[in-house]
Amino acid sequence: MQTSLRGIADKARENKEHRFQNLFGMLNEENLMETYGRLNKSSAPGVDRVTIREYGENLEENVSDLADRVKGGRYRAKLIMRKNIPKGNGKLRPLGIPATEDKLLQTAASDILMAIFEQDFLSGSFGYRPKVGALDAAGKLSEELYHGGYNFVVEADIKGFFNNIDHDWMLEMLRQRVDDESFLRLIRKWLKAGVLGEDKRIRKPESGTPQGGSISPVLANVYLHYAFDLWFQRVVAKHMRGKVFFVRYADDFVSLFQFKEDADEFYSYLPQRLAKFGLELSMEKTGIIPFNRYHKGSSFNFLGFEFRWRFSRKGRPYVYPRTSLKKMRSSLRDLRQWCRKNRHLGTREIFKMINAKLRGHYNYFGFSCNYDRLYKFFYRVVMVLKKWLNRRSQKRKCPWEKFRRMLKNYGIERPRIRKALPPAHEQLKLISC
């Protein structure tokens with residue numbers, strides 16, 4: 001972390017009421033040069049068609065010109081290129097790709113906001129934050145479930161969250177910690193930037209922030225921090241009869257309750273609270289689930305993990321997160337489609353891409369208690385790979401003996417554990433505490 005950002009973070013941690021000034025002045029040539037070194041050089045270009053590597057060929061001149069335009073008030077945000085990517089179930093996820101210099105400036109501004117608001121985010125928030133991710137969210141949820149004494153789970157998902165962020169509310173939330181109108185005007189420019197769709201039509205957004213933009217993750221976290229997290233901590237938790245807890249990853253969250261009455265009351269007030277900020281629940285993904293060791297067969301999915309109470313051979317209860325069958329089928333379906341479309345590639349290239357996909361799967365679902373599902377995924381990937389290698393021509397060219405040699409020569413990523421959870425007997429100690 002830059003020295004200036006570290007100072008901001010320390011000040012924000014020490015004084016929760018402090019509003020920061022002169023943030024706009026930090027978007028200078030020196031900081032932009034440092035920020036460029038951390039950009040993903042292989043990311044897609046925006047409407048300017050200039051890649052990050054091409055921008056860096058004349059970096060000092062480009063950054064100097066950008067810093068001068070920002071300082072002189074002559075900077076204008078370029079159009080955001082929208083691309084739709086498959087989301088599953090036939091749906092598409094719209095991604096916004098900023099122009100290269102916008103991406104550079106947004107990343108620098110995002111670092112400043114993250115230094116401030118990271119000190120305010122609650123322990124139940126995990127999405128788009130440094131050093132925490134989906135594994136940490138699933139691990140924390142498991143820990144709370146098996147020793148927290150909760151009996152009901154409210155799972156919820158916000159419909160079209162990134163497209164419905166209210167711009168006025170967003171800026172008002174930022175003003176809680178930012179007292180620099182020049183900096184806020186810059187953020188407003190990005191929020192109001194036109195969007196160039198795949199149909200080549202330009203749309204002026206009245207709400208929302210482009211999913212995929214460099215500054216969108218921190219803005220989304222700030223928005224839900226004030227719209228949901230603080231409300232849950234300061235209002236919901238204080239008015240409930242029993243224990244409550246929440247875990248949120250971006251716009252997906254689950255809330256845990258000790259008593260059914262508390263869960264019902266929260267569920268009735270939640271849509272009103274979100275509607276105040278222009279948000280709406282996706283009702284097909286929202287509901288109340290009885291969940292404790294006495295409700296056999298009850299389960300729920302969160303972040304692609306399945307949570308279910310189970311019993312050991314000695315009848316001891318425990319709960320572990322495992323890859324949900326729905327997510328596993330979806331991942332295998334995507335991999336089959338990739339193999340079918342790319343079987344013409346060289347064998348080495350195919351193995352390289354398959355190994356990258358396997359590593360990504362293990363990195364996301366790599367709990368020690370999830371090894372059986374990891375191995376099942378690995379086994380089916382190997383079967384899919386063999387099938388499509390055999391279909392590269394009309395003649396069968398990959399019998400088992402040859403395929404085993406290929407696995408040995410090119411290498412195949414085997415299941416890998418990234419995070420360990422305590423075994424069942426350790427969980428029982430936590431439950432009895």
# chains A, B, ... in the order shown; residues from 1 in each chain; ligands from 1
$ residues_around --residues "Pro205 of chain A" --least-positions-apart "3" --cutoff "9 Å" --atoms "only C-alpha atoms" --output "CSV table (one decimal) with all heavy atoms, in the first residue's frame"
chain,number,residue,atom,x,y,z
A,163,ASN,N,-27.5,-2.9,-11.8
A,163,ASN,CA,-28.3,-2.0,-12.7
A,163,ASN,C,-29.2,-1.1,-12.0
A,163,ASN,O,-29.8,-0.2,-12.6
A,163,ASN,CB,-29.1,-2.8,-13.7
A,163,ASN,CG,-28.2,-3.6,-14.6
A,163,ASN,OD1,-27.1,-3.2,-15.0
A,163,ASN,ND2,-28.7,-4.8,-15.0
A,191,LEU,N,-20.6,7.3,-13.2
A,191,LEU,CA,-21.9,6.7,-13.0
A,191,LEU,C,-22.8,7.1,-14.2
A,191,LEU,O,-23.7,6.4,-14.6
A,191,LEU,CB,-22.5,7.2,-11.7
A,191,LEU,CG,-21.9,6.7,-10.4
A,191,LEU,CD1,-22.5,7.3,-9.2
A,191,LEU,CD2,-22.0,5.2,-10.3
A,192,LYS,N,-22.6,8.3,-14.7
A,192,LYS,CA,-23.5,8.9,-15.7
A,192,LYS,C,-23.0,8.6,-17.1
A,192,LYS,O,-23.6,9.0,-18.1
A,192,LYS,CB,-23.7,10.4,-15.6
A,192,LYS,CG,-24.4,10.8,-14.3
A,192,LYS,CD,-25.8,10.3,-14.2
A,192,LYS,CE,-26.5,10.8,-13.0
A,192,LYS,NZ,-27.9,10.3,-12.9
A,193,ALA,N,-21.8,8.0,-17.2
A,193,ALA,CA,-21.2,7.7,-18.6
A,193,ALA,C,-22.1,6.9,-19.4
A,193,ALA,O,-22.8,5.9,-19.0
A,193,ALA,CB,-19.8,7.0,-18.4
A,194,GLY,N,-22.2,7.2,-20.7
A,194,GLY,CA,-23.1,6.5,-21.6
A,194,GLY,C,-22.5,5.0,-21.8
A,194,GLY,O,-21.3,4.8,-21.7
A,195,VAL,N,-23.5,4.2,-22.2
A,195,VAL,CA,-23.1,2.7,-22.4
A,195,VAL,C,-23.4,2.4,-23.8
A,195,VAL,O,-24.5,2.6,-24.4
A,195,VAL,CB,-24.0,1.8,-21.5
A,195,VAL,CG1,-23.7,0.4,-21.7
A,195,VAL,CG2,-23.7,2.2,-20.0
A,208,GLY,N,-27.6,2.7,-11.6
A,208,GLY,CA,-26.7,1.6,-11.8
A,208,GLY,C,-25.3,2.0,-12.0
A,208,GLY,O,-25.0,3.1,-12.2
A,209,THR,N,-24.4,1.0,-11.8
A,209,THR,CA,-23.0,1.1,-12.1
A,209,THR,C,-22.5,-0.1,-12.9
A,209,THR,O,-23.0,-1.2,-12.6
A,209,THR,CB,-22.1,1.3,-10.8
A,209,THR,OG1,-20.8,1.4,-11.1
A,209,THR,CG2,-22.4,0.1,-9.9
$ residues_around --residues "segment 212-224 of chain A" --least-positions-apart "4" --cutoff "7 Å" --atoms "only C-alpha atoms" --output "PyMOL selection string"
chain A and resi 95-98+103+106-107+110+114+128+170+173+228-229+250
$ closest_atom_pairs --of "segment 316-364 of chain A" --to "segment 139-153 of chain A" --cutoff "8 Å" --atoms "only C-alpha atoms" --output "JSON lines"
{"residue": "A:Tyr318", "atom": "CA", "partner": "A:Tyr146", "partner_atom": "CA", "distance": 6.5}
{"residue": "A:Val319", "atom": "CA", "partner": "A:Tyr146", "partner_atom": "CA", "distance": 6.2}
{"residue": "A:Tyr320", "atom": "CA", "partner": "A:Ser142", "partner_atom": "CA", "distance": 6.3}
{"residue": "A:Pro321", "atom": "CA", "partner": "A:Ser142", "partner_atom": "CA", "distance": 6.7}
$ write_last_selection --atoms "N, CA, C and O atoms" --output "compact mmCIF listing (two decimals), in the first residue's frame"
# COMPACT_ATOMS: atom_id res chain seq x y z
N TYR A 318 -22.79 -32.68 12.31
CA TYR A 318 -21.82 -31.70 11.84
C TYR A 318 -22.34 -31.09 10.55
O TYR A 318 -23.25 -31.63 9.91
N VAL A 319 -21.76 -29.97 10.15
CA VAL A 319 -22.16 -29.31 8.91
C VAL A 319 -20.91 -28.85 8.19
O VAL A 319 -20.02 -28.26 8.78
N TYR A 320 -20.84 -29.19 6.91
CA TYR A 320 -19.71 -28.79 6.07
C TYR A 320 -20.24 -28.20 4.77
O TYR A 320 -21.26 -28.65 4.25
N PRO A 321 -19.55 -27.21 4.20
CA PRO A 321 -19.93 -26.73 2.86
C PRO A 321 -19.35 -27.65 1.79
O PRO A 321 -18.19 -28.02 1.83
$ closest_residue --among "A:Gly297, A:Pro86, A:Ala12, A:Phe245" --to "Ser330 of chain A" --atoms "only C-alpha atoms"
A:Pro86
$ closest_residue --among "A:Glu14, A:Asp136, A:Glu61, A:Asp48" --to "Arg248 of chain A" --atoms "only C-alpha atoms"
A:Asp136
$ atom_distance --atom1 "atom CA of Leu105 of chain A" --atom2 "atom CA of Asp120 of chain A"
23.5 Å
$ select_by_dssp --residues "segment 104-144 of chain A" --states "helix (DSSP H, G or I)" --output "MDAnalysis selection string"
chainID A and resid 104:117 134:144
$ residues_around --residues "Arg359 of chain A" --least-positions-apart "5" --cutoff "9 Å" --atoms "only C-alpha atoms" --output "list in words"
Ile354, Tyr364, Glu413, Arg414, Pro415 and Arg416 of chain A
$ atom_distance --atom1 "atom CA of Lys408 of chain A" --atom2 "atom CA of Trp388 of chain A"
18.0 Å
$ select_by_dssp --residues "segment 244-308 of chain A" --states "strand (DSSP E or B)" --output "ChimeraX atom specification"
/A:244-249,252-257,281,287-290,299-302,305-308
$ closest_residue --among "A:Asp372, A:Asp102, A:Asp180, A:Glu29" --to "Lys71 of chain A" --atoms "only C-alpha atoms"
A:Glu29
$ closest_residue --among "A:Gln337, A:Ser282, A:Ser299, A:Asn40" --to "Leu385 of chain A" --atoms "only C-alpha atoms"
A:Gln337
